[in-house]
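What follows is entry-v9.cif (mmCIF, C-alpha atoms).
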```
data_start
#
loop_
_atom_site.group_PDB
_atom_site.id
_atom_site.type_symbol
_atom_site.label_atom_id
_atom_site.label_comp_id
_atom_site.auth_asym_id
_atom_site.auth_seq_id
_atom_site.Cartn_x
_atom_site.Cartn_y
_atom_site.Cartn_z
ATOM 1 C CA MET A 505 -94.637 -23.315 27.376
ATOM 2 C CA ASN A 506 -93.366 -20.171 25.681
ATOM 3 C CA THR A 507 -96.334 -18.408 24.112
ATOM 4 C CA GLN A 508 -94.512 -15.207 23.180
ATOM 5 C CA THR A 509 -94.761 -14.139 19.548
ATOM 6 C CA THR A 510 -92.405 -12.004 17.517
ATOM 7 C CA PRO A 511 -93.789 -8.443 17.280
ATOM 8 C CA ALA A 512 -95.176 -7.604 13.846
ATOM 9 C CA PRO A 513 -93.301 -4.842 12.002
ATOM 10 C CA GLN A 514 -94.745 -1.362 12.392
ATOM 11 C CA PHE A 515 -95.230 0.669 9.211
ATOM 12 C CA TYR A 516 -95.129 4.449 8.922
ATOM 13 C CA LEU A 517 -96.006 6.980 6.217
ATOM 14 C CA THR A 518 -93.850 9.953 5.280
ATOM 15 C CA ALA A 519 -95.191 13.424 4.624
ATOM 16 C CA PRO A 520 -95.545 14.505 0.977
ATOM 17 C CA ALA A 521 -92.359 15.812 -0.665
ATOM 18 C CA ALA A 522 -91.313 16.821 -4.170
ATOM 19 C CA CYS A 523 -90.634 13.811 -6.388
ATOM 20 C CA PRO A 524 -86.935 13.577 -7.357
ATOM 21 C CA TYR A 525 -87.755 11.837 -10.661
ATOM 22 C CA LEU A 526 -90.873 13.417 -12.145
ATOM 23 C CA PRO A 527 -91.520 17.170 -12.205
ATOM 24 C CA HIS A 528 -94.773 18.428 -10.717
ATOM 25 C CA GLU A 529 -95.324 15.196 -8.779
ATOM 26 C CA MET A 530 -95.305 14.659 -5.029
ATOM 27 C CA GLU A 531 -94.013 11.496 -3.373
ATOM 28 C CA ARG A 532 -94.858 9.673 -0.165
ATOM 29 C CA LYS A 533 -93.289 6.496 1.180
ATOM 30 C CA VAL A 534 -94.362 3.770 3.550
ATOM 31 C CA PHE A 535 -91.495 2.358 5.596
ATOM 32 C CA THR A 536 -90.534 0.037 8.414
ATOM 33 C CA HIS A 537 -87.379 -0.852 10.342
ATOM 34 C CA LEU A 538 -85.241 -3.894 9.521
ATOM 35 C CA VAL A 539 -83.716 -4.885 12.844
ATOM 36 C CA GLY A 540 -83.233 -8.014 14.917
ATOM 37 C CA GLU A 541 -82.782 -11.681 14.087
ATOM 38 C CA ARG A 542 -85.688 -11.768 11.640
ATOM 39 C CA ALA A 543 -84.456 -8.825 9.588
ATOM 40 C CA PRO A 544 -83.102 -10.986 6.705
ATOM 41 C CA GLU A 545 -86.399 -12.898 6.445
ATOM 42 C CA LEU A 546 -88.415 -9.680 6.558
ATOM 43 C CA ASN A 547 -86.143 -8.062 3.979
ATOM 44 C CA ASP A 548 -86.755 -10.976 1.618
ATOM 45 C CA LEU A 549 -90.528 -10.737 1.998
ATOM 46 C CA LEU A 550 -90.635 -6.975 1.634
ATOM 47 C CA THR A 551 -88.278 -6.858 -1.354
ATOM 48 C CA GLN A 552 -90.418 -9.468 -3.087
ATOM 49 C CA GLY A 553 -93.355 -7.177 -2.315
ATOM 50 C CA GLY A 554 -91.792 -4.118 -3.908
ATOM 51 C CA PHE A 555 -89.828 -2.560 -1.043
ATOM 52 C CA ARG A 556 -86.236 -1.315 -1.178
ATOM 53 C CA ARG A 557 -83.660 -1.183 1.597
ATOM 54 C CA SER A 558 -81.733 1.896 2.748
ATOM 55 C CA GLN A 559 -79.615 1.213 5.844
ATOM 56 C CA ASN A 560 -81.990 -0.408 8.359
ATOM 57 C CA ILE A 561 -85.120 0.938 6.658
ATOM 58 C CA ALA A 562 -87.310 -0.841 4.087
ATOM 59 C CA TYR A 563 -89.521 1.511 2.076
ATOM 60 C CA ARG A 564 -91.754 1.650 -0.952
ATOM 61 C CA PRO A 565 -93.643 4.449 -2.751
ATOM 62 C CA ALA A 566 -97.124 5.240 -1.454
ATOM 63 C CA CYS A 567 -97.931 8.198 -3.680
ATOM 64 C CA GLU A 568 -101.532 9.341 -3.797
ATOM 65 C CA THR A 569 -101.897 10.134 -7.502
ATOM 66 C CA CYS A 570 -98.941 8.465 -9.251
ATOM 67 C CA ARG A 571 -97.978 4.834 -9.887
ATOM 68 C CA ALA A 572 -94.924 5.431 -12.080
ATOM 69 C CA CYS A 573 -92.453 3.572 -9.805
ATOM 70 C CA ILE A 574 -92.373 -0.112 -10.750
ATOM 71 C CA SER A 575 -90.200 -2.749 -9.066
ATOM 72 C CA VAL A 576 -87.978 -4.597 -11.542
ATOM 73 C CA ARG A 577 -86.133 -7.907 -11.301
ATOM 74 C CA ILE A 578 -84.111 -9.696 -13.982
ATOM 75 C CA LEU A 579 -84.902 -13.344 -14.773
ATOM 76 C CA VAL A 580 -81.362 -14.644 -14.396
ATOM 77 C CA ASN A 581 -81.736 -18.088 -15.957
ATOM 78 C CA GLU A 582 -83.294 -16.728 -19.156
ATOM 79 C CA PHE A 583 -81.170 -13.614 -19.513
ATOM 80 C CA ARG A 584 -78.930 -13.335 -22.568
ATOM 81 C CA PRO A 585 -76.756 -10.242 -23.065
ATOM 82 C CA THR A 586 -77.339 -8.173 -26.185
ATOM 83 C CA ARG A 587 -74.539 -7.350 -28.611
ATOM 84 C CA SER A 588 -73.919 -4.011 -26.930
ATOM 85 C CA MET A 589 -73.804 -5.703 -23.517
ATOM 86 C CA ARG A 590 -71.273 -8.206 -24.789
ATOM 87 C CA ARG A 591 -69.166 -5.264 -25.924
ATOM 88 C CA VAL A 592 -69.398 -3.818 -22.409
ATOM 89 C CA LEU A 593 -68.224 -7.133 -20.936
ATOM 90 C CA ALA A 594 -65.335 -7.288 -23.386
ATOM 91 C CA GLY A 595 -64.391 -3.684 -22.691
ATOM 92 C CA ASN A 596 -64.164 -4.420 -18.965
ATOM 93 C CA ALA A 597 -62.357 -7.747 -19.180
ATOM 94 C CA ASP A 598 -59.488 -6.145 -17.267
ATOM 95 C CA LEU A 599 -61.662 -5.669 -14.161
ATOM 96 C CA VAL A 600 -62.049 -8.071 -11.246
ATOM 97 C CA GLY A 601 -64.789 -7.910 -8.622
ATOM 98 C CA TYR A 602 -63.711 -8.599 -5.044
ATOM 99 C CA GLU A 603 -66.452 -9.306 -2.490
ATOM 100 C CA TYR A 604 -66.090 -8.254 1.147
ATOM 101 C CA PRO A 605 -68.215 -7.809 4.276
ATOM 102 C CA ALA A 606 -70.136 -4.521 4.299
ATOM 103 C CA GLU A 607 -67.294 -2.329 5.572
ATOM 104 C CA PRO A 608 -66.502 1.164 4.253
ATOM 105 C CA SER A 609 -63.076 2.509 3.342
ATOM 106 C CA SER A 610 -61.619 5.929 2.620
ATOM 107 C CA GLU A 611 -60.852 4.757 -0.918
ATOM 108 C CA GLN A 612 -64.481 3.882 -1.489
ATOM 109 C CA TYR A 613 -65.631 7.230 -0.123
ATOM 110 C CA SER A 614 -63.236 9.131 -2.386
ATOM 111 C CA LEU A 615 -64.739 7.381 -5.404
ATOM 112 C CA PHE A 616 -68.263 7.899 -4.041
ATOM 113 C CA ARG A 617 -67.613 11.642 -3.643
ATOM 114 C CA SER A 618 -66.301 11.926 -7.210
ATOM 115 C CA TYR A 619 -69.385 10.117 -8.472
ATOM 116 C CA LEU A 620 -71.804 12.389 -6.581
ATOM 117 C CA ASP A 621 -69.965 15.571 -7.530
ATOM 118 C CA ARG A 622 -70.094 14.704 -11.240
ATOM 119 C CA ARG A 623 -73.395 12.847 -11.519
ATOM 120 C CA HIS A 624 -75.690 13.949 -8.669
ATOM 121 C CA GLN A 625 -74.724 17.463 -7.606
ATOM 122 C CA LYS A 626 -78.320 18.382 -6.739
ATOM 123 C CA GLY A 627 -79.468 14.964 -5.494
ATOM 124 C CA GLY A 628 -80.547 14.062 -2.000
ATOM 125 C CA MET A 629 -77.186 12.403 -1.313
ATOM 126 C CA SER A 630 -74.999 15.248 -2.573
ATOM 127 C CA ASP A 631 -73.948 16.456 0.882
ATOM 128 C CA MET A 632 -73.161 13.053 2.397
ATOM 129 C CA SER A 633 -70.112 13.085 4.658
ATOM 130 C CA VAL A 634 -67.685 10.236 5.215
ATOM 131 C CA LEU A 635 -69.683 9.302 8.331
ATOM 132 C CA ASP A 636 -72.925 9.284 6.316
ATOM 133 C CA TYR A 637 -71.267 6.976 3.796
ATOM 134 C CA ALA A 638 -70.055 4.658 6.551
ATOM 135 C CA MET A 639 -73.610 4.424 7.901
ATOM 136 C CA MET A 640 -74.972 3.661 4.439
ATOM 137 C CA VAL A 641 -72.618 0.694 4.166
ATOM 138 C CA GLU A 642 -72.488 -0.590 7.740
ATOM 139 C CA ASP A 643 -76.024 -0.015 9.011
ATOM 140 C CA THR A 644 -77.476 -3.334 7.911
ATOM 141 C CA HIS A 645 -79.073 -6.246 9.738
ATOM 142 C CA VAL A 646 -79.379 -8.388 6.603
ATOM 143 C CA HIS A 647 -76.917 -10.345 4.439
ATOM 144 C CA THR A 648 -75.044 -7.483 2.800
ATOM 145 C CA LYS A 649 -71.760 -7.491 0.890
ATOM 146 C CA ILE A 650 -69.720 -4.804 -0.797
ATOM 147 C CA ILE A 651 -68.121 -5.593 -4.144
ATOM 148 C CA GLU A 652 -65.096 -3.596 -5.288
ATOM 149 C CA TYR A 653 -64.277 -3.661 -8.995
ATOM 150 C CA ARG A 654 -60.599 -3.076 -9.681
ATOM 151 C CA LYS A 655 -58.246 -3.129 -12.624
ATOM 152 C CA ARG A 656 -56.039 -6.174 -12.615
ATOM 153 C CA ALA A 657 -52.561 -5.362 -11.391
ATOM 154 C CA GLU A 658 -49.462 -7.529 -11.542
ATOM 155 C CA GLY A 659 -48.699 -9.080 -8.205
ATOM 156 C CA SER A 660 -52.118 -8.297 -6.717
ATOM 157 C CA GLY A 661 -54.606 -10.951 -5.708
ATOM 158 C CA LEU A 662 -52.600 -12.420 -2.844
ATOM 159 C CA GLU A 663 -53.197 -9.514 -0.466
ATOM 160 C CA GLU A 664 -56.341 -9.038 1.580
ATOM 161 C CA ARG A 665 -57.049 -5.873 -0.441
ATOM 162 C CA PRO A 666 -55.642 -5.996 -3.999
ATOM 163 C CA ARG A 667 -53.751 -2.943 -5.259
ATOM 164 C CA GLY A 668 -55.432 -2.423 -8.625
ATOM 165 C CA GLU A 669 -57.196 0.876 -9.294
ATOM 166 C CA LEU A 670 -60.712 0.975 -7.817
ATOM 167 C CA VAL A 671 -63.185 1.955 -10.550
ATOM 168 C CA SER A 672 -66.613 0.973 -9.199
ATOM 169 C CA VAL A 673 -68.392 -0.339 -6.103
ATOM 170 C CA ALA A 674 -71.683 -2.134 -5.476
ATOM 171 C CA LEU A 675 -73.504 -2.556 -2.161
ATOM 172 C CA THR A 676 -75.540 -5.737 -2.495
ATOM 173 C CA ASP A 677 -77.961 -7.791 -0.397
ATOM 174 C CA ARG A 678 -78.102 -11.552 -0.812
ATOM 175 C CA MET A 679 -81.656 -12.815 -0.445
ATOM 176 C CA GLY A 680 -83.247 -16.221 -0.629
ATOM 177 C CA ASP A 681 -84.275 -15.754 -4.256
ATOM 178 C CA GLY A 682 -81.730 -13.325 -5.633
ATOM 179 C CA LEU A 683 -79.301 -10.454 -5.317
ATOM 180 C CA SER A 684 -80.630 -6.969 -4.611
ATOM 181 C CA MET A 685 -78.472 -4.090 -5.828
ATOM 182 C CA VAL A 686 -78.902 -1.563 -3.024
ATOM 183 C CA TYR A 687 -76.551 1.104 -4.386
ATOM 184 C CA SER A 688 -73.681 1.329 -6.839
ATOM 185 C CA PHE A 689 -71.291 4.018 -8.014
ATOM 186 C CA PHE A 690 -68.288 4.338 -10.307
ATOM 187 C CA ASP A 691 -65.512 6.559 -11.574
ATOM 188 C CA PRO A 692 -67.313 9.228 -13.646
ATOM 189 C CA ALA A 693 -64.133 9.849 -15.649
ATOM 190 C CA GLN A 694 -64.446 6.371 -17.198
ATOM 191 C CA ASP A 695 -67.823 6.764 -18.927
ATOM 192 C CA GLN A 696 -66.590 4.816 -21.933
ATOM 193 C CA ARG A 697 -66.620 1.633 -19.854
ATOM 194 C CA SER A 698 -70.412 1.758 -19.149
ATOM 195 C CA LEU A 699 -69.643 0.629 -15.604
ATOM 196 C CA GLY A 700 -73.262 0.788 -14.453
ATOM 197 C CA THR A 701 -74.223 -1.741 -17.104
ATOM 198 C CA PHE A 702 -71.155 -3.834 -16.348
ATOM 199 C CA MET A 703 -71.995 -4.131 -12.650
ATOM 200 C CA ILE A 704 -75.530 -5.309 -13.437
ATOM 201 C CA LEU A 705 -74.177 -7.897 -15.875
ATOM 202 C CA ASP A 706 -71.709 -9.069 -13.241
ATOM 203 C CA HIS A 707 -74.520 -9.425 -10.697
ATOM 204 C CA VAL A 708 -76.450 -11.577 -13.159
ATOM 205 C CA ARG A 709 -73.371 -13.781 -13.456
ATOM 206 C CA ARG A 710 -72.957 -13.942 -9.692
ATOM 207 C CA ALA A 711 -76.618 -14.778 -9.106
ATOM 208 C CA LYS A 712 -76.487 -17.557 -11.695
ATOM 209 C CA ALA A 713 -73.361 -19.020 -10.070
ATOM 210 C CA LEU A 714 -75.154 -19.001 -6.710
ATOM 211 C CA GLY A 715 -78.259 -20.659 -8.142
ATOM 212 C CA LEU A 716 -80.401 -17.569 -7.470
ATOM 213 C CA PRO A 717 -83.133 -16.774 -10.019
ATOM 214 C CA HIS A 718 -83.361 -12.974 -9.721
ATOM 215 C CA VAL A 719 -81.388 -9.745 -9.665
ATOM 216 C CA TYR A 720 -83.451 -6.932 -8.148
ATOM 217 C CA LEU A 721 -82.787 -3.509 -9.691
ATOM 218 C CA GLY A 722 -85.104 -1.388 -7.573
ATOM 219 C CA TYR A 723 -87.580 0.926 -9.272
ATOM 220 C CA TRP A 724 -88.039 1.724 -12.917
ATOM 221 C CA VAL A 725 -89.729 5.120 -13.011
ATOM 222 C CA LYS A 726 -91.855 5.315 -16.113
ATOM 223 C CA GLY A 727 -91.300 8.698 -17.716
ATOM 224 C CA SER A 728 -87.859 9.253 -16.168
ATOM 225 C CA ARG A 729 -85.176 8.981 -18.853
ATOM 226 C CA LYS A 730 -82.396 8.295 -16.350
ATOM 227 C CA MET A 731 -84.212 5.114 -15.284
ATOM 228 C CA ASP A 732 -84.766 3.736 -18.790
ATOM 229 C CA TYR A 733 -81.574 1.635 -18.648
ATOM 230 C CA LYS A 734 -83.231 -0.791 -16.236
ATOM 231 C CA THR A 735 -85.649 -2.112 -18.867
ATOM 232 C CA LYS A 736 -82.812 -3.188 -21.183
ATOM 233 C CA PHE A 737 -81.971 -6.302 -19.138
ATOM 234 C CA LEU A 738 -84.446 -8.776 -20.578
ATOM 235 C CA PRO A 739 -86.390 -10.813 -19.828
ATOM 236 C CA GLN A 740 -87.450 -9.314 -16.536
ATOM 237 C CA GLU A 741 -90.482 -9.079 -14.292
ATOM 238 C CA HIS A 742 -92.367 -6.007 -13.114
ATOM 239 C CA LEU A 743 -94.408 -5.946 -9.917
ATOM 240 C CA MET A 744 -97.908 -4.930 -10.932
ATOM 241 C CA ALA A 745 -101.267 -4.907 -9.172
ATOM 242 C CA ARG A 746 -101.744 -8.650 -9.817
ATOM 243 C CA GLY A 747 -98.185 -9.600 -8.831
ATOM 244 C CA TRP A 748 -94.947 -10.106 -10.743
ATOM 245 C CA GLU A 749 -95.576 -10.030 -14.502
ATOM 246 C CA ARG A 750 -93.147 -10.894 -17.263
ATOM 247 C CA TYR A 751 -91.808 -8.035 -19.372
ATOM 248 C CA ASP A 752 -89.938 -8.709 -22.600
ATOM 249 C CA GLY A 753 -89.910 -5.176 -23.965
ATOM 250 C CA GLU A 754 -88.346 -4.105 -27.217
ATOM 251 C CA THR A 755 -84.619 -4.015 -27.984
ATOM 252 C CA SER A 756 -82.822 -1.958 -30.571
ATOM 253 C CA ASP A 757 -79.887 -4.354 -30.790
#
```
In structure tokens, how does this file's structure come out?
Amino acid sequence: MNTQTTPAPQFYLTAPAACPYLPHEMERKVFTHLVGERAPELNDLLTQGGFRRSQNIAYRPACETCRACISVRILVNEFRPTRSMRRVLAGNADLVGYEYPAEPSSEQYSLFRSYLDRRHQKGGMSDMSVLDYAMMVEDTHVHTKIIEYRKRAEGSGLEERPRGELVSVALTDRMGDGLSMVYSFFDPAQDQRSLGTFMILDHVRRAKALGLPHVYLGYWVKGSRKMDYKTKFLPQEHLMARGWERYDGETSD
């Protein structure tokens, strides 16, 4: 009889470092590796417990004095877009999302570089090379897809890779209970489209079509203005000390 058991994941703690979201705060993270046949199952469990995935690493904040980072997931079946969100959908009606295996391309990297150079010049990813980008996309042991959003073009749609202009990209994990948006980026010259909002709305649509109840948005950092957009997709749940709690918030629409 085979009595061998699957080794339990090993967790590690990073050294303190300056917080990228809140001034005068220090961050630490607890992390583990997502490898092997059980990686998708472990990713599900950890994401539901407040972890995020980056390549083959799952991590979550373990800061000593701050609890500002809160995991957020949209309740897909109850979600209704606001008026401003419906305007975003209408304004991007000329875009089509094409889903592929998690494989990088030079076209994606060119868009990624433009996004970083305009939006995150001083961020931790600002010096990522084409090889770094390829690792970000390919280094996954879970159910990951890449979604390319392109302008509709006459005659496209029959080829393996349609010809329409690439305007945004999302790297997404499919889990047992939802879609987790690992990373997304877009053409910074097309701010008027609100492409970040559009991609989230499209993921809600995709999750609903798949019968999945959640879209995971990662962390809302209370006190960080650039993270405030995540609380606009209501209703949603926040992972608190007692578990996932409903959050209905306030809307200005």
Report as JSON lines the residues of range 587-620 of chain A within 10 Å of range 675-693 of chain A, each with its shortest atom pair and distance in Å (one decimal), using all atoms listed in the file, ordered by chain and increasing residue number.
```
{"residue": "A:Glu603", "atom": "CA", "partner": "A:Thr676", "partner_atom": "CA", "distance": 9.8}
{"residue": "A:Tyr604", "atom": "CA", "partner": "A:Leu675", "partner_atom": "CA", "distance": 9.9}
{"residue": "A:Pro605", "atom": "CA", "partner": "A:Leu675", "partner_atom": "CA", "distance": 9.8}
{"residue": "A:Ala606", "atom": "CA", "partner": "A:Leu675", "partner_atom": "CA", "distance": 7.5}
{"residue": "A:Glu607", "atom": "CA", "partner": "A:Leu675", "partner_atom": "CA", "distance": 9.9}
{"residue": "A:Gln612", "atom": "CA", "partner": "A:Phe689", "partner_atom": "CA", "distance": 9.4}
{"residue": "A:Ser614", "atom": "CA", "partner": "A:Asp691", "partner_atom": "CA", "distance": 9.8}
{"residue": "A:Leu615", "atom": "CA", "partner": "A:Asp691", "partner_atom": "CA", "distance": 6.3}
{"residue": "A:Phe616", "atom": "CA", "partner": "A:Phe689", "partner_atom": "CA", "distance": 6.3}
{"residue": "A:Arg617", "atom": "CA", "partner": "A:Phe689", "partner_atom": "CA", "distance": 9.5}
{"residue": "A:Ser618", "atom": "CA", "partner": "A:Asp691", "partner_atom": "CA", "distance": 7.0}
{"residue": "A:Tyr619", "atom": "CA", "partner": "A:Pro692", "partner_atom": "CA", "distance": 5.6}
{"residue": "A:Leu620", "atom": "CA", "partner": "A:Phe689", "partner_atom": "CA", "distance": 8.5}
```
- Message: Here's the selection I'm unsure about, the PyMOL selection byres ((chain A and resi 735-744) around 6); applied to the file above, which residues does it give, as a PyMOL selection string?
- Response: chain A and resi 575-579+583+732-734+745-752
- Would you translate the PyMOL selection byres ((chain A and resi 717) around 8) into the concrete set of residues it matches in this file, as number ranges by chain? A: 579-581, 681-682, 711-712, 715-716, 718-719
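Here CA of Arg623 in chain A stands at a distance of 17.5 Å from CA of Leu526 in chain A.
Comparing the minimum interatomic distances between Asp706 in chain A and each of A:Arg590, A:His537, A:Arg542, A:Arg556, counting all atoms listed in the file, we find that A:Arg590 sits nearest.
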- Task: Find the distance between CA of Pro608 in chain A and CA of Gly540 in chain A and write it in Å to one decimal.
- Result: 21.9 Å
- Item | Contacts of Arg697 in chain A within 8 Å, all atoms listed in the file, excl. fewer than 3 positions in-chain, as a ChimeraX atom specification | /A:592,595-596,694,702
- Message: Report, in Å to a single decimal, how far apart CA of Ser698 in chain A and CA of Leu635 in chain A are.
- Response: 28.5 Å
Could you give me the centre and size, in Å to one decimal, of an axis-aligned box around all listed atoms of range 733-740 of chain A with 8 Å added on every side, as AutoDock Vina command-line options?
```
--center_x -84.5 --center_y -4.6 --center_z -18.7 --size_x 21.9 --size_y 28.4 --size_z 20.9
```
- Top pick for closest residue to Val641 in chain A, considering A:Leu705, A:Ala597, A:Ser558, A:Arg584 and counting all atoms listed in the file: A:Ser558
So what does the PyMOL selection byres ((chain A and resi 655) around 8) actually pick up in this one, as a compact mmCIF listing (two decimals) with C-alpha atoms, in the frame of the given file?
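Contents of part17.txt, as written:
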```
# COMPACT_ATOMS: atom_id res chain seq x y z
CA ASP A 598 -59.49 -6.14 -17.27
CA LEU A 599 -61.66 -5.67 -14.16
CA VAL A 600 -62.05 -8.07 -11.25
CA TYR A 653 -64.28 -3.66 -8.99
CA ARG A 654 -60.60 -3.08 -9.68
CA ARG A 656 -56.04 -6.17 -12.62
CA ALA A 657 -52.56 -5.36 -11.39
CA GLY A 668 -55.43 -2.42 -8.62
CA GLU A 669 -57.20 0.88 -9.29
CA LEU A 670 -60.71 0.98 -7.82
CA VAL A 671 -63.18 1.96 -10.55
```
- Note on the structure: Shortest contact to Thr569 in chain A, candidates A:His647, A:Arg557, A:Arg591, A:His528, atoms counted all atoms listed in the file, goes to A:His528
Could you add N, CA and C atoms to range 522-545 of chain A and give me the result as a PDB file, keeping the file's coordinate frame?
```
ATOM      1  N   ALA A 522     -91.485  16.744  -2.723  1.00  0.00           N
ATOM      2  CA  ALA A 522     -91.313  16.821  -4.170  1.00  0.00           C
ATOM      3  C   ALA A 522     -90.661  15.549  -4.697  1.00  0.00           C
ATOM      4  N   CYS A 523     -91.183  15.022  -5.781  1.00  0.00           N
ATOM      5  CA  CYS A 523     -90.634  13.811  -6.388  1.00  0.00           C
ATOM      6  C   CYS A 523     -89.281  14.124  -7.032  1.00  0.00           C
ATOM      7  N   PRO A 524     -88.248  13.313  -6.766  1.00  0.00           N
ATOM      8  CA  PRO A 524     -86.935  13.577  -7.357  1.00  0.00           C
ATOM      9  C   PRO A 524     -86.818  13.116  -8.813  1.00  0.00           C
ATOM     10  N   TYR A 525     -87.842  12.398  -9.311  1.00  0.00           N
ATOM     11  CA  TYR A 525     -87.755  11.837 -10.661  1.00  0.00           C
ATOM     12  C   TYR A 525     -88.686  12.503 -11.664  1.00  0.00           C
ATOM     13  N   LEU A 526     -89.880  12.861 -11.227  1.00  0.00           N
ATOM     14  CA  LEU A 526     -90.873  13.417 -12.145  1.00  0.00           C
ATOM     15  C   LEU A 526     -91.269  14.822 -11.697  1.00  0.00           C
ATOM     16  N   PRO A 527     -91.136  15.806 -12.586  1.00  0.00           N
ATOM     17  CA  PRO A 527     -91.520  17.170 -12.205  1.00  0.00           C
ATOM     18  C   PRO A 527     -93.013  17.269 -11.940  1.00  0.00           C
ATOM     19  N   HIS A 528     -93.377  18.140 -11.043  1.00  0.00           N
ATOM     20  CA  HIS A 528     -94.773  18.428 -10.717  1.00  0.00           C
ATOM     21  C   HIS A 528     -95.482  17.283  -9.995  1.00  0.00           C
ATOM     22  N   GLU A 529     -94.721  16.281  -9.553  1.00  0.00           N
ATOM     23  CA  GLU A 529     -95.324  15.196  -8.779  1.00  0.00           C
ATOM     24  C   GLU A 529     -94.835  15.266  -7.328  1.00  0.00           C
ATOM     25  N   MET A 530     -95.660  14.750  -6.439  1.00  0.00           N
ATOM     26  CA  MET A 530     -95.305  14.659  -5.029  1.00  0.00           C
ATOM     27  C   MET A 530     -95.185  13.185  -4.645  1.00  0.00           C
ATOM     28  N   GLU A 531     -94.213  12.874  -3.789  1.00  0.00           N
ATOM     29  CA  GLU A 531     -94.013  11.496  -3.373  1.00  0.00           C
ATOM     30  C   GLU A 531     -94.290  11.317  -1.882  1.00  0.00           C
ATOM     31  N   ARG A 532     -94.760  10.110  -1.552  1.00  0.00           N
ATOM     32  CA  ARG A 532     -94.858   9.673  -0.165  1.00  0.00           C
ATOM     33  C   ARG A 532     -94.327   8.245  -0.122  1.00  0.00           C
ATOM     34  N   LYS A 533     -93.827   7.843   1.033  1.00  0.00           N
ATOM     35  CA  LYS A 533     -93.289   6.496   1.180  1.00  0.00           C
ATOM     36  C   LYS A 533     -93.851   5.855   2.437  1.00  0.00           C
ATOM     37  N   VAL A 534     -94.063   4.556   2.367  1.00  0.00           N
ATOM     38  CA  VAL A 534     -94.362   3.770   3.550  1.00  0.00           C
ATOM     39  C   VAL A 534     -93.084   3.029   3.912  1.00  0.00           C
ATOM     40  N   PHE A 535     -92.767   2.968   5.209  1.00  0.00           N
ATOM     41  CA  PHE A 535     -91.495   2.358   5.596  1.00  0.00           C
ATOM     42  C   PHE A 535     -91.617   1.636   6.927  1.00  0.00           C
ATOM     43  N   THR A 536     -90.647   0.748   7.156  1.00  0.00           N
ATOM     44  CA  THR A 536     -90.534   0.037   8.414  1.00  0.00           C
ATOM     45  C   THR A 536     -89.061  -0.203   8.712  1.00  0.00           C
ATOM     46  N   HIS A 537     -88.762  -0.610   9.937  1.00  0.00           N
ATOM     47  CA  HIS A 537     -87.379  -0.852  10.342  1.00  0.00           C
ATOM     48  C   HIS A 537     -87.010  -2.323  10.137  1.00  0.00           C
ATOM     49  N   LEU A 538     -85.782  -2.545   9.693  1.00  0.00           N
ATOM     50  CA  LEU A 538     -85.241  -3.894   9.521  1.00  0.00           C
ATOM     51  C   LEU A 538     -84.192  -4.126  10.608  1.00  0.00           C
ATOM     52  N   VAL A 539     -84.626  -4.658  11.724  1.00  0.00           N
ATOM     53  CA  VAL A 539     -83.716  -4.885  12.844  1.00  0.00           C
ATOM     54  C   VAL A 539     -84.012  -6.248  13.462  1.00  0.00           C
ATOM     55  N   GLY A 540     -83.025  -6.765  14.195  1.00  0.00           N
ATOM     56  CA  GLY A 540     -83.233  -8.014  14.917  1.00  0.00           C
ATOM     57  C   GLY A 540     -82.936  -9.249  14.094  1.00  0.00           C
ATOM     58  N   GLU A 541     -83.138 -10.406  14.713  1.00  0.00           N
ATOM     59  CA  GLU A 541     -82.782 -11.681  14.087  1.00  0.00           C
ATOM     60  C   GLU A 541     -83.604 -11.979  12.840  1.00  0.00           C
ATOM     61  N   ARG A 542     -84.820 -11.468  12.783  1.00  0.00           N
ATOM     62  CA  ARG A 542     -85.688 -11.768  11.640  1.00  0.00           C
ATOM     63  C   ARG A 542     -85.557 -10.757  10.499  1.00  0.00           C
ATOM     64  N   ALA A 543     -84.616  -9.844  10.622  1.00  0.00           N
ATOM     65  CA  ALA A 543     -84.456  -8.825   9.588  1.00  0.00           C
ATOM     66  C   ALA A 543     -84.197  -9.416   8.202  1.00  0.00           C
ATOM     67  N   PRO A 544     -83.312 -10.428   8.056  1.00  0.00           N
ATOM     68  CA  PRO A 544     -83.102 -10.986   6.705  1.00  0.00           C
ATOM     69  C   PRO A 544     -84.384 -11.578   6.114  1.00  0.00           C
ATOM     70  N   GLU A 545     -85.146 -12.306   6.929  1.00  0.00           N
ATOM     71  CA  GLU A 545     -86.399 -12.898   6.445  1.00  0.00           C
ATOM     72  C   GLU A 545     -87.393 -11.811   6.042  1.00  0.00           C
TER      73      GLU A 545
END
```
